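Here is the file input-v1.txt (compact mmCIF, C-alpha atoms and all ligand atoms).
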# COMPACT_ATOMS: atom_id res chain seq x y z
CA MET A 17 44.83 78.80 30.40
CA ASP A 18 41.26 77.50 30.71
CA PHE A 19 41.60 75.26 33.77
CA GLU A 20 37.83 74.52 33.86
CA GLU A 21 37.99 73.04 30.37
CA GLU A 22 41.22 71.18 31.06
CA ASN A 23 39.65 69.68 34.17
CA ARG A 24 36.57 68.54 32.22
CA MET A 25 38.82 66.94 29.58
CA MET A 26 40.84 65.20 32.29
CA VAL A 27 37.66 63.72 33.79
CA GLU A 28 36.40 62.60 30.37
CA TYR A 29 39.58 61.15 28.87
CA GLN A 30 41.73 60.09 31.82
CA LEU A 31 38.96 58.88 34.14
CA LYS A 32 35.63 58.04 32.43
CA ARG A 33 37.14 56.47 29.32
CA ARG A 34 39.43 54.30 31.45
CA GLY A 35 36.62 52.86 33.50
CA ILE A 36 36.07 55.25 36.40
CA SER A 37 32.28 55.27 36.57
CA ASP A 38 31.43 56.04 40.22
CA GLU A 39 29.44 59.29 39.91
CA LYS A 40 30.44 60.46 43.39
CA VAL A 41 34.10 60.17 42.42
CA LEU A 42 33.64 61.85 39.02
CA ASN A 43 31.67 64.74 40.56
CA ALA A 44 34.38 65.30 43.16
CA PHE A 45 37.01 65.51 40.40
CA LEU A 46 34.87 68.07 38.57
CA LYS A 47 34.64 70.15 41.72
CA VAL A 48 38.20 70.08 43.09
CA LYS A 49 40.72 71.85 40.85
CA ARG A 50 44.13 70.14 40.66
CA HIS A 51 45.99 73.31 39.62
CA LEU A 52 45.31 74.74 43.11
CA PHE A 53 47.40 71.92 44.66
CA VAL A 54 50.56 72.00 42.51
CA PRO A 55 53.45 74.51 42.68
CA LYS A 56 52.73 77.73 40.73
CA ASP A 57 55.41 77.03 38.11
CA LEU A 58 53.82 73.65 37.29
CA GLU A 59 50.22 74.91 37.08
CA ARG A 60 50.13 74.51 33.31
CA TYR A 61 50.81 70.76 33.68
CA ALA A 62 48.23 70.30 36.43
CA TYR A 63 45.74 68.38 34.25
CA ASP A 64 48.36 66.18 32.55
CA ASP A 65 48.11 62.42 32.82
CA CYS A 66 50.99 62.01 35.30
CA PRO A 67 52.21 62.61 38.85
CA LEU A 68 53.95 65.97 39.47
CA PRO A 69 56.56 67.09 42.00
CA ILE A 70 55.19 69.03 44.99
CA GLY A 71 58.49 69.68 46.81
CA GLU A 72 60.20 67.82 49.69
CA GLY A 73 60.96 64.99 47.24
CA GLN A 74 57.24 64.07 47.08
CA THR A 75 54.59 63.95 44.36
CA ILE A 76 50.91 64.58 43.74
CA SER A 77 49.61 61.29 42.30
CA GLN A 78 48.38 60.71 38.74
CA PRO A 79 44.65 61.61 38.51
CA TYR A 80 43.71 58.17 37.13
CA ILE A 81 45.39 56.32 40.01
CA ILE A 82 43.58 58.54 42.54
CA GLY A 83 40.28 57.95 40.69
CA LEU A 84 40.83 54.20 40.69
CA MET A 85 41.72 54.13 44.40
CA LEU A 86 38.67 56.21 45.34
CA GLN A 87 36.41 53.99 43.24
CA LEU A 88 37.85 50.82 44.81
CA LEU A 89 37.05 52.27 48.25
CA GLU A 90 33.29 52.17 47.44
CA LEU A 91 32.69 55.36 49.41
CA ARG A 92 29.33 56.38 50.85
CA GLU A 93 28.18 59.81 51.98
CA ASN A 94 28.21 58.95 55.67
CA ASP A 95 31.63 57.30 55.72
CA VAL A 96 34.54 58.26 57.93
CA VAL A 97 37.83 57.77 56.10
CA LEU A 98 41.50 57.75 57.07
CA GLU A 99 44.10 58.85 54.54
CA ILE A 100 47.82 58.19 54.99
CA GLY A 101 50.08 60.58 53.05
CA THR A 102 48.29 63.92 52.69
CA GLY A 103 50.94 65.26 50.28
CA SER A 104 49.49 68.26 48.43
CA GLY A 105 46.03 67.68 49.93
CA TYR A 106 44.40 67.17 46.52
CA GLN A 107 43.16 63.64 47.24
CA THR A 108 42.12 64.72 50.73
CA ALA A 109 39.92 67.43 49.21
CA LEU A 110 38.40 64.91 46.77
CA LEU A 111 37.60 62.62 49.71
CA ALA A 112 36.12 65.53 51.66
CA GLU A 113 33.70 66.17 48.78
CA ILE A 114 32.46 62.56 48.93
CA VAL A 115 32.36 61.50 52.59
CA ARG A 116 31.32 62.94 55.95
CA LEU A 117 34.69 63.12 57.66
CA VAL A 118 38.31 62.71 56.54
CA TYR A 119 41.23 62.10 58.91
CA THR A 120 44.59 62.53 57.19
CA ILE A 121 48.18 61.97 58.35
CA GLU A 122 51.31 63.40 56.73
CA ARG A 123 54.84 62.78 58.07
CA ASN A 124 56.41 65.83 56.38
CA GLU A 125 55.70 68.99 58.41
CA THR A 126 56.20 71.43 55.52
CA LEU A 127 53.74 69.58 53.27
CA ALA A 128 51.28 69.15 56.14
CA GLN A 129 51.30 72.87 56.94
CA ARG A 130 50.87 73.78 53.28
CA ALA A 131 47.93 71.37 52.93
CA LYS A 132 46.37 72.69 56.14
CA ASN A 133 46.51 76.26 54.80
CA LYS A 134 44.95 75.09 51.54
CA PHE A 135 42.04 73.36 53.33
CA GLU A 136 41.38 76.57 55.29
CA GLU A 137 41.61 78.72 52.18
CA LEU A 138 39.14 76.46 50.35
CA GLY A 139 36.80 76.26 53.35
CA TYR A 140 36.94 72.53 54.14
CA LYS A 141 35.47 71.87 57.58
CA ASN A 142 35.42 68.06 57.47
CA ILE A 143 39.18 67.41 57.32
CA VAL A 144 41.28 66.63 60.42
CA LEU A 145 45.03 66.68 59.74
CA GLU A 146 47.83 65.31 61.90
CA VAL A 147 51.60 65.29 61.41
CA GLY A 148 53.14 61.91 62.20
CA ASP A 149 53.82 58.34 61.20
CA GLY A 150 50.62 57.19 59.49
CA THR A 151 51.68 53.54 59.50
CA LYS A 152 50.58 53.50 63.16
CA GLY A 153 47.12 54.71 62.16
CA TRP A 154 45.09 57.31 64.07
CA THR A 155 46.53 57.28 67.58
CA LYS A 156 44.83 60.30 69.19
CA GLU A 157 41.42 58.69 69.58
CA GLU A 158 39.98 55.23 69.02
CA ILE A 159 38.15 55.33 65.72
CA GLU A 160 37.02 52.53 63.42
CA PHE A 161 37.12 53.66 59.80
CA ASP A 162 34.79 52.77 56.93
CA GLY A 163 37.68 53.31 54.54
CA ILE A 164 41.47 53.70 54.68
CA ILE A 165 43.50 54.93 51.72
CA VAL A 166 47.28 54.74 51.75
CA SER A 167 49.00 57.02 49.23
CA ALA A 168 52.54 55.70 49.57
CA ALA A 169 54.12 52.33 48.77
CA ALA A 170 54.10 49.75 51.56
CA PRO A 171 55.99 46.44 51.84
CA LYS A 172 52.88 44.87 53.48
CA VAL A 173 49.58 45.86 55.10
CA PRO A 174 50.48 47.85 58.27
CA GLU A 175 48.83 45.89 61.09
CA PRO A 176 47.60 48.98 63.05
CA LEU A 177 45.76 50.18 59.95
CA PHE A 178 43.96 46.86 59.46
CA SER A 179 42.93 46.83 63.11
CA GLN A 180 41.41 50.34 62.75
CA LEU A 181 39.17 49.17 59.91
CA LYS A 182 35.48 48.48 60.65
CA ILE A 183 33.99 45.09 59.87
CA GLY A 184 33.03 45.50 56.21
CA GLY A 185 35.48 48.39 55.87
CA ARG A 186 37.78 48.71 52.87
CA MET A 187 41.45 49.69 52.60
CA VAL A 188 43.20 50.55 49.34
CA ILE A 189 46.99 50.40 49.47
CA PRO A 190 49.88 50.00 47.01
CA ILE A 191 51.96 46.99 48.09
CA GLY A 192 55.21 45.76 46.59
CA SER A 193 58.82 46.83 46.33
CA ARG A 194 60.16 50.37 46.67
CA THR A 195 60.04 50.78 42.88
CA PHE A 196 56.89 48.94 41.76
CA GLN A 197 53.65 48.02 43.48
CA ARG A 198 50.18 46.64 42.87
CA LEU A 199 47.07 48.29 44.29
CA HIS A 200 45.50 45.99 46.87
CA LYS A 201 41.91 46.27 48.05
CA ILE A 202 41.65 44.84 51.55
CA THR A 203 38.23 44.16 53.07
CA LYS A 204 37.68 43.28 56.74
CA LEU A 205 35.31 40.31 56.81
CA GLU A 206 32.68 39.47 59.47
CA ASP A 207 35.07 37.02 61.16
CA GLY A 208 37.81 39.68 61.30
CA ASN A 209 39.84 38.07 58.51
CA MET A 210 41.23 39.87 55.51
CA LYS A 211 39.93 39.54 51.96
CA VAL A 212 42.52 40.65 49.40
CA GLU A 213 41.77 41.72 45.81
CA TYR A 214 44.35 42.94 43.31
CA SER A 215 44.10 45.89 40.93
CA ASP A 216 46.48 47.93 38.73
CA GLY A 217 50.25 48.16 38.93
CA CYS A 218 51.58 51.52 40.13
CA MET A 219 54.66 53.44 41.32
CA PHE A 220 54.37 55.37 44.58
CA VAL A 221 56.95 57.04 46.80
CA PRO A 222 57.77 54.82 49.82
CA LEU A 223 55.70 54.73 52.99
CA ILE A 224 58.32 55.52 55.62
CA GLY A 225 57.56 54.48 59.17
CA GLU A 226 57.41 51.86 61.87
CA TYR A 227 55.11 49.55 59.86
CA GLY A 228 56.35 50.67 56.43
CA TRP A 229 59.86 50.88 54.97
N1 LIG A 301 47.70 61.78 47.47
C1 LIG A 301 48.64 62.85 47.66
C2 LIG A 301 48.22 64.08 46.87
O1 LIG A 301 47.08 64.11 46.38
O2 LIG A 301 49.03 65.02 46.77
C3 LIG A 301 50.00 62.42 47.27
C4 LIG A 301 50.68 61.62 48.31
S1 LIG A 301 52.41 61.39 48.00
C5 LIG A 301 52.41 60.26 46.67
C6 LIG A 301 52.84 60.39 49.40
C7 LIG A 301 52.92 61.14 50.71
O3 LIG A 301 53.05 60.19 51.76
C8 LIG A 301 54.13 62.07 50.82
O4 LIG A 301 53.69 63.37 51.09
C9 LIG A 301 54.92 61.49 51.99
O5 LIG A 301 55.55 62.47 52.79
C10 LIG A 301 53.83 60.77 52.77
N2 LIG A 301 54.26 59.70 53.67
C11 LIG A 301 55.21 58.75 53.49
N3 LIG A 301 55.26 57.94 54.56
C12 LIG A 301 54.32 58.39 55.45
C13 LIG A 301 53.89 57.97 56.75
N4 LIG A 301 54.42 56.93 57.39
N5 LIG A 301 52.91 58.66 57.34
C14 LIG A 301 52.34 59.74 56.75
N6 LIG A 301 52.71 60.18 55.52
C15 LIG A 301 53.68 59.51 54.88
I need this file expressed as structure tokens, please.
Amino acid sequence: MDFEEENRMMVEYQLKRRGISDEKVLNAFLKVKRHLFVPKDLERYAYDDCPLPIGEGQTISQPYIIGLMLQLLELRENDVVLEIGTGSGYQTALLAEIVRLVYTIERNETLAQRAKNKFEELGYKNIVLEVGDGTKGWTKEEIEFDGIIVSAAAPKVPEPLFSQLKIGGRMVIPIGSRTFQRLHKITKLEDGNMKVEYSDGCMFVPLIGEYGW
């Protein structure tokens, strides 16, 4: 199987032709290989246009949805980003290719350990991973993030996450019911208020935690 070619086709047909145009995002997708983040027996489906099971009842998201979320975040090289729901670590690695520093929280210990091993194996030095309830945000230190990306479905914006966003910072989060959500782009305005913009419909696994389901 020619994974290089499949990856290029994925970027062309699933991302570019559906409106993902941020070069930083497209370059990250060209660099990070999705087949390295799925179970061995599903490798041949790694570049398909769909989510895939990664064990523990969880999924690696559809490439297009990840591309759209990363584009909505309007990432810059110097940004510090918080990701909730590390899962396989694929999206974390994409983020790590684009921004300076990525903090990521996963509640499932098995998935977190697997992702940690993968980051070490691939040589990522700008990813900090914690196991815990990401709805409470980053609790170890006080950090204000340029961007926050939530990769699981929330009933509403978790308050601790909004408070950890910088003025001008962006959060992308699927909000809705347990079965269907809409991607929301939340921006923290100068006066501390929230600007909300709506994007595509989507179906994520639930965000389980104190400020989630
Ligand atoms: N973007 C990931 C990838 O590239 O593989 C896929 C994330 S998967 C759709 C959602 C993840 O969120 C699951 O691994 C799940 O365990 C995790 N999760 C759910 N609730 C969480 C919480 N409160 N804190 C941290 N992780 C959570």
So that each row is one residue of chain A with an atom at most 8 Å from ligand LIG 301 (chain A), can you give its shortest atom pair and the distance in Å to one decimal, using all atoms listed in the file, rows by chain and rising number, as a tab-separated table?
residue	atom	partner	partner_atom	distance
A:Phe53	CA	A:LIG301	O2	7.4
A:Ile70	CA	A:LIG301	O2	7.6
A:Glu72	CA	A:LIG301	O5	7.7
A:Gln74	CA	A:LIG301	C8	5.3
A:Thr75	CA	A:LIG301	C5	4.9
A:Ile76	CA	A:LIG301	O2	3.6
A:Ser77	CA	A:LIG301	C3	5.1
A:Ile82	CA	A:LIG301	N1	7.2
A:Ile100	CA	A:LIG301	C14	5.1
A:Gly101	CA	A:LIG301	O3	3.3
A:Thr102	CA	A:LIG301	C1	5.2
A:Gly103	CA	A:LIG301	O4	3.4
A:Ser104	CA	A:LIG301	O2	3.7
A:Gly105	CA	A:LIG301	O2	5.1
A:Tyr106	CA	A:LIG301	O1	4.1
A:Gln107	CA	A:LIG301	O1	4.0
A:Thr108	CA	A:LIG301	O1	6.6
A:Ile121	CA	A:LIG301	C14	5.0
A:Glu122	CA	A:LIG301	N6	3.7
A:Arg123	CA	A:LIG301	C14	4.2
A:Asn124	CA	A:LIG301	O5	5.0
A:Leu127	CA	A:LIG301	O4	6.6
A:Val147	CA	A:LIG301	C14	7.3
A:Gly148	CA	A:LIG301	N5	5.9
A:Asp149	CA	A:LIG301	N5	4.0
A:Gly150	CA	A:LIG301	N5	3.5
A:Thr151	CA	A:LIG301	N4	4.8
A:Lys152	CA	A:LIG301	N4	7.7
A:Val166	CA	A:LIG301	O3	7.9
A:Ser167	CA	A:LIG301	C4	5.0
A:Ala168	CA	A:LIG301	C6	4.7
A:Phe220	CA	A:LIG301	C5	5.7
A:Val221	CA	A:LIG301	C5	5.6
A:Pro222	CA	A:LIG301	C11	6.0
A:Leu223	CA	A:LIG301	N3	3.6
A:Ile224	CA	A:LIG301	N3	4.0
A:Gly225	CA	A:LIG301	N4	4.4
A:Glu226	CA	A:LIG301	N4	7.4
A:Tyr227	CA	A:LIG301	N4	7.8
A:Gly228	CA	A:LIG301	N4	6.6
Quick one: residues within 9 Å of Met187 (chain A), only C-alpha atoms counted, chain neighbours fewer than 3 positions away excluded, as a PyMOL selection string?
chain A and resi 88-89+162-166+177-178+181+200-204
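Here the question is which of A:Met25, A:Ala131, A:Val41, A:Cys66 gets nearest to Met85 (chain A) using only C-alpha atoms, and that residue is A:Val41.
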Record the distance separating CA of Glu213 (chain A) and CA of Ile81 (chain A), expressed in Å with one decimal.
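According to the coordinates, CA of Glu213 (chain A) and CA of Ile81 (chain A) are separated by 16.1 Å.
Rounded to one decimal, CA of Asp95 (chain A) and CA of Val144 (chain A) lie 14.2 Å from each other.
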For Asn133 (chain A), which residue among A:Gly153, A:Lys47, A:Gln30, A:Leu52 is the nearest when counting all atoms listed in the file?
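With all atoms listed in the file as the atom set, the closest residue is A:Leu52.
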Shell of 9 Å around Tyr140 (chain A), only C-alpha atoms, local chain residues under 6 positions omitted, as a list in words:
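Using only C-alpha atoms, the neighbours found are Ala109, Ala112, Glu113 and Lys134 of chain A.
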Could you tell me which of A:Arg198, A:Lys141, A:Lys40, A:Lys132 comes closest to Gly217 (chain A) if we count only C-alpha atoms?
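Nearest candidate to Gly217 (chain A) out of A:Arg198, A:Lys141, A:Lys40, A:Lys132: A:Arg198.
Counting all atoms listed in the file, the residue from A:Leu205, A:Met219, A:Lys56, A:Arg34 that sits nearest to Gly192 (chain A) is A:Met219.
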Identify which of the residues A:Val173, A:Val97, A:Ile189, A:Leu46 lies closest to Met210 (chain A), counting only C-alpha atoms when measuring atom-to-atom distances.
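Of A:Val173, A:Val97, A:Ile189, A:Leu46, the one nearest Met210 (chain A), counting only C-alpha atoms, is A:Val173.
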Shell of 7 Å around Ile191 (chain A), all atoms listed in the file, local chain residues under 3 positions omitted, as a PDB file with C-alpha atoms, in the coordinates of the input:
ATOM      1  CA  ALA A 169      54.120  52.330  48.770  1.00  0.00           C
ATOM      2  CA  ALA A 170      54.100  49.750  51.560  1.00  0.00           C
ATOM      3  CA  PRO A 171      55.990  46.440  51.840  1.00  0.00           C
ATOM      4  CA  LYS A 172      52.880  44.870  53.480  1.00  0.00           C
ATOM      5  CA  GLN A 197      53.650  48.020  43.480  1.00  0.00           C
ATOM      6  CA  ARG A 198      50.180  46.640  42.870  1.00  0.00           C
ATOM      7  CA  LEU A 199      47.070  48.290  44.290  1.00  0.00           C
ATOM      8  CA  HIS A 200      45.500  45.990  46.870  1.00  0.00           C
TER       9      HIS A 200
END
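Excluding Asp57 (chain A) itself and any same-chain residue fewer than 3 positions from it, the protein and nucleic acid residues within 12 Å of it, counting all atoms listed in the file, are A:His51, A:Leu52, A:Phe53, A:Val54, A:Arg60, A:Tyr61, A:Ala62, A:Leu68, A:Pro69, A:Ile70, A:Gly71.
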Point-to-point distance from CA of Cys218 (chain A) to CA of Val27 (chain A), Å rounded to tenths:
19.6 Å
Let me make sure I understand: among A:Leu31, A:Leu86, A:Leu91, A:Met26, which one has the smallest atom-to-atom distance to Gly184 (chain A) if we use all atoms listed in the file?
A:Leu91
For region 22-30 of chain A, I'd like the enclosing box, axis-aligned and padded by 5 Å on every side, reported as JSON with centre and edge lengths in Å to one decimal.
{"center_x": 39.1, "center_y": 65.6, "center_z": 31.5, "size_x": 15.3, "size_y": 21.1, "size_z": 15.3}
Exercise: Asp65 (chain A) partners within 8 Å, only C-alpha atoms, chain neighbours under 2 positions left out, as a PyMOL selection string
chain A and resi 26+30+63+67+78-80
